[in-house]
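Engineer: First the structure, then my questions, so here it is.
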Amino acid sequence: MAITVELGGTPFNPGAYVGPFTNAHPGLGGVCTFVGEVRGEGGVEALELTHYAPMTLPGMEALAARAVDRFGLMGLLMIHRTGVMRPGEPIVLVSACAHHRRAAIDAVDFCMDHLKSQSWFWKREKRADGWHWIEPRQEDHSDLARWSEEIIEV
Amino acid sequence: MAVRIVFLGKLADLSGEAEREVPAPLDWAQLLASLGPGLAQAVADGTVRIAVDGELLADKSMLSAQAGSEVALLPPVSGG
């Protein structure tokens with residue numbers, strides 16, 4: 001069982017993580033991977049994610065531990081960018097492996113919903129007229145409510 | 001030693017700086033007074049949370065920061 005959680009300020013290659021992660025868990029029944037990238041729509045030229053070092057990574061580590069426990073995972077990989085990114089660059093990678101597919105799929109969904117609305121990140125977008133802070137979206141909170149038994153601060 | 005205030009997200013834009021130091025100790029009323037009216041109003045908003053040395057306060061009005069502490073002002077998150 002391995003949990004890997006990283007927060008980094010430089011571009012990363014999701015494939016370089018997922019291959020070794022999968023190979024490290026022989027006997028797994030399924031592996032599910034989600035990669036989020038910067039969208040190029042709406043005239044977005046760049047996106048910047050800021051974080052708060054004393055809380056962001058510890059919160060991600062706590063989230064990863066909860067996901068492993070809740071879904072009985074064999075392993076979990078959670079990689080998140082910070083800093084300025086261009087359209088097409090990966091922002092986040094979550095990969096889970098488990099004995100059965102449902103646990104792997106649900107664990108990734110669970111982690112993404114919590115990263116979107118419960119983790120310490122602030123996002124702004126650069127468009128032609130300058131930088132704009134992105135407000136929390138209602139959909140993020142309704143997505144989170146699907147895991148309702150516990151909404152805790154991370 | 002002072003208390004360090006850290007501004008996150010759009011609060012950093014409002015304050016014009018990422019952090020500032022103010023005299024210790026620091027409670028809620030002193031924090032609001034040190035921020036000035038515009039920032040104080042933003043920080044008093046119910047969606048803004050406060051953490052002291054990385055620990056989230058359940059009730060920000062109970063703020064009690066000592067010399068050397070770091071007080072983070074955390075607006076609603078928008079990540080992932």
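Here's how to read the names in the structure tokens: chain A, B, ... by the order shown, residue numbers from 1 in each chain, ligand numbers from 1 in the order shown.
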Taking only C-alpha atoms into account, find every residue of chain B that has an atom no more than 10 Å from chain A, and write it out as a PDB file with N, CA and C atoms, in the first residue's frame.
Structural biologist:
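Contents of the output file part-v4.pdb:
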ATOM      1  N   VAL B   6      -1.042  36.726   7.133  1.00  0.00           N
ATOM      2  CA  VAL B   6      -0.874  36.268   5.751  1.00  0.00           C
ATOM      3  C   VAL B   6      -2.209  36.388   5.021  1.00  0.00           C
ATOM      4  N   PHE B   7      -2.180  37.042   3.870  1.00  0.00           N
ATOM      5  CA  PHE B   7      -3.397  37.254   3.074  1.00  0.00           C
ATOM      6  C   PHE B   7      -3.418  36.260   1.919  1.00  0.00           C
ATOM      7  N   LEU B   8      -4.493  35.491   1.823  1.00  0.00           N
ATOM      8  CA  LEU B   8      -4.601  34.509   0.743  1.00  0.00           C
ATOM      9  C   LEU B   8      -5.645  34.940  -0.285  1.00  0.00           C
ATOM     10  N   GLY B   9      -5.504  34.428  -1.493  1.00  0.00           N
ATOM     11  CA  GLY B   9      -6.484  34.670  -2.547  1.00  0.00           C
ATOM     12  C   GLY B   9      -6.675  36.151  -2.797  1.00  0.00           C
ATOM     13  N   LYS B  10      -7.936  36.538  -3.006  1.00  0.00           N
ATOM     14  CA  LYS B  10      -8.165  37.932  -3.380  1.00  0.00           C
ATOM     15  C   LYS B  10      -7.920  38.892  -2.217  1.00  0.00           C
ATOM     16  N   ASP B  13      -4.849  40.759  -2.894  1.00  0.00           N
ATOM     17  CA  ASP B  13      -5.024  41.900  -3.805  1.00  0.00           C
ATOM     18  C   ASP B  13      -5.586  43.098  -3.054  1.00  0.00           C
ATOM     19  N   ALA B  51      -6.856  30.906  10.303  1.00  0.00           N
ATOM     20  CA  ALA B  51      -6.042  29.857  10.915  1.00  0.00           C
ATOM     21  C   ALA B  51      -4.877  30.516  11.646  1.00  0.00           C
ATOM     22  N   ASP B  53      -1.191  29.569  13.029  1.00  0.00           N
ATOM     23  CA  ASP B  53      -0.125  28.560  12.929  1.00  0.00           C
ATOM     24  C   ASP B  53      -0.643  27.261  12.294  1.00  0.00           C
ATOM     25  N   GLY B  54      -1.443  27.424  11.234  1.00  0.00           N
ATOM     26  CA  GLY B  54      -1.903  26.261  10.470  1.00  0.00           C
ATOM     27  C   GLY B  54      -3.125  25.569  11.037  1.00  0.00           C
ATOM     28  N   GLU B  55      -3.647  26.061  12.175  1.00  0.00           N
ATOM     29  CA  GLU B  55      -4.823  25.443  12.792  1.00  0.00           C
ATOM     30  C   GLU B  55      -6.036  26.346  12.562  1.00  0.00           C
ATOM     31  N   LEU B  56      -7.057  25.775  11.914  1.00  0.00           N
ATOM     32  CA  LEU B  56      -8.253  26.533  11.603  1.00  0.00           C
ATOM     33  C   LEU B  56      -9.043  26.837  12.883  1.00  0.00           C
ATOM     34  N   GLU B  70       1.599  33.011  13.267  1.00  0.00           N
ATOM     35  CA  GLU B  70       1.200  33.380  11.913  1.00  0.00           C
ATOM     36  C   GLU B  70      -0.316  33.243  11.803  1.00  0.00           C
ATOM     37  N   ALA B  72      -3.409  33.341   9.305  1.00  0.00           N
ATOM     38  CA  ALA B  72      -3.754  33.282   7.882  1.00  0.00           C
ATOM     39  C   ALA B  72      -5.216  33.657   7.695  1.00  0.00           C
ATOM     40  N   LEU B  74      -8.220  33.369   5.232  1.00  0.00           N
ATOM     41  CA  LEU B  74      -8.508  32.401   4.172  1.00  0.00           C
ATOM     42  C   LEU B  74      -9.879  32.637   3.547  1.00  0.00           C
ATOM     43  N   PRO B  75      -9.936  33.243   2.367  1.00  0.00           N
ATOM     44  CA  PRO B  75     -11.229  33.389   1.695  1.00  0.00           C
ATOM     45  C   PRO B  75     -11.701  32.037   1.143  1.00  0.00           C
ATOM     46  N   PRO B  76     -12.933  31.968   0.620  1.00  0.00           N
ATOM     47  CA  PRO B  76     -13.426  30.693   0.096  1.00  0.00           C
ATOM     48  C   PRO B  76     -12.476  30.125  -0.964  1.00  0.00           C
ATOM     49  N   VAL B  77     -12.294  28.813  -0.935  1.00  0.00           N
ATOM     50  CA  VAL B  77     -11.349  28.183  -1.859  1.00  0.00           C
ATOM     51  C   VAL B  77     -11.989  27.974  -3.232  1.00  0.00           C
ATOM     52  N   SER B  78     -11.144  27.860  -4.237  1.00  0.00           N
ATOM     53  CA  SER B  78     -11.601  27.564  -5.599  1.00  0.00           C
ATOM     54  C   SER B  78     -10.471  26.835  -6.300  1.00  0.00           C
ATOM     55  N   GLY B  79     -10.330  25.573  -6.001  1.00  0.00           N
ATOM     56  CA  GLY B  79      -9.136  24.864  -6.496  1.00  0.00           C
ATOM     57  C   GLY B  79      -9.429  23.791  -7.498  1.00  0.00           C
ATOM     58  N   GLY B  80      -8.513  22.881  -7.564  1.00  0.00           N
ATOM     59  CA  GLY B  80      -8.665  21.645  -8.318  1.00  0.00           C
ATOM     60  C   GLY B  80      -8.658  21.716  -9.807  1.00  0.00           C
TER      61      GLY B  80
END
Engineer: If you count only C-alpha atoms, which residues fall within 12 Å of Asp69 (chain A), apart from same-chain ones fewer than 4 positions away, as a list in words?
Structural biologist: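 Within the cut-off, the hits are Met1, Ile3, Ala62, Leu63, Ala64, Ala65, Leu73, Met74, Gly75, Leu76, Ala98, Ala103 and Ala107 of chain A.
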Engineer: Where does DSSP see helix (DSSP H, G or I) in chain B, if you list the residues as a list in words?
Structural biologist: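 For chain B, the helix (DSSP H, G or I) set is Lys10, Leu11, Ala12, Asp13, Leu14, Ser15, Trp28, Ala29, Gln30, Leu31, Leu32, Ala33, Ser34, Leu35, Pro37, Gly38, Leu39, Ala40, Gln41, Ala42, Val43, Ala44, Lys60, Ser61 and Met62 of chain B.
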Engineer: Write out as a list in words the residues lying within 10 Å of Ser61 (chain B), counting only C-alpha atoms and excluding same-chain residues fewer than 2 positions away.
Structural biologist: Asp27, Trp28, Ala29, Leu31, Ala44, Ile50, Leu57, Ala58, Asp59, Leu63 and Ser64 of chain B
Engineer: Please report the interatomic distance between CA of Ser34 (chain B) and CA of Leu11 (chain B) in Å with one decimal.
Structural biologist: 14.4 Å
Engineer: Please list as a list of chain:residue names every residue within 12 Å of Ala16 (chain A), counting only C-alpha atoms and excluding residues in the same chain fewer than 5 positions away.
Structural biologist: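 The filter keeps A:Pro11, A:Phe21, A:Thr22, A:Asn23, A:Leu77, A:Ile79, A:Leu93.
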Engineer: Check the smallest atom-to-atom distance from each of B:Ala2, B:Val52, B:Ala67, B:Leu14 to Gly36 (chain B) using only C-alpha atoms, then report the winner.
Structural biologist: B:Leu14
Engineer: Which residues, written as a PyMOL selection string, have at least one atom at most 7 Å from Glu89 (chain A), with only C-alpha atoms counted and residues fewer than 3 positions away on the same chain left out?
Structural biologist: chain A and resi 37-38+85-86
Engineer: Counting only C-alpha atoms, which of B:Gly68, B:Val3, B:Leu73, B:Ala12 gets nearest to Val48 (chain B)?
Structural biologist: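 Of all the options, B:Leu73 lies closest to Val48 (chain B).
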Engineer: CA of Leu35 (chain B) and CA of Arg20 (chain B) are how many Å apart?
Structural biologist: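 Those two atoms sit 9.9 Å apart.
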Engineer: Report, in Å with one decimal, the straight-line distance from CA of Trp147 (chain A) to CA of Gly72 (chain A).
Structural biologist: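 So the two atoms, CA of Trp147 (chain A) and CA of Gly72 (chain A), lie 15.7 Å apart.
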Engineer: Identify, with DSSP run on backbone atoms, the residues in chain B assigned to strand (DSSP E), and express the list as a PyMOL selection string.
Structural biologist: chain B and resi 2-7+19-23+26-27+49-52+55-56+64-65+70-74
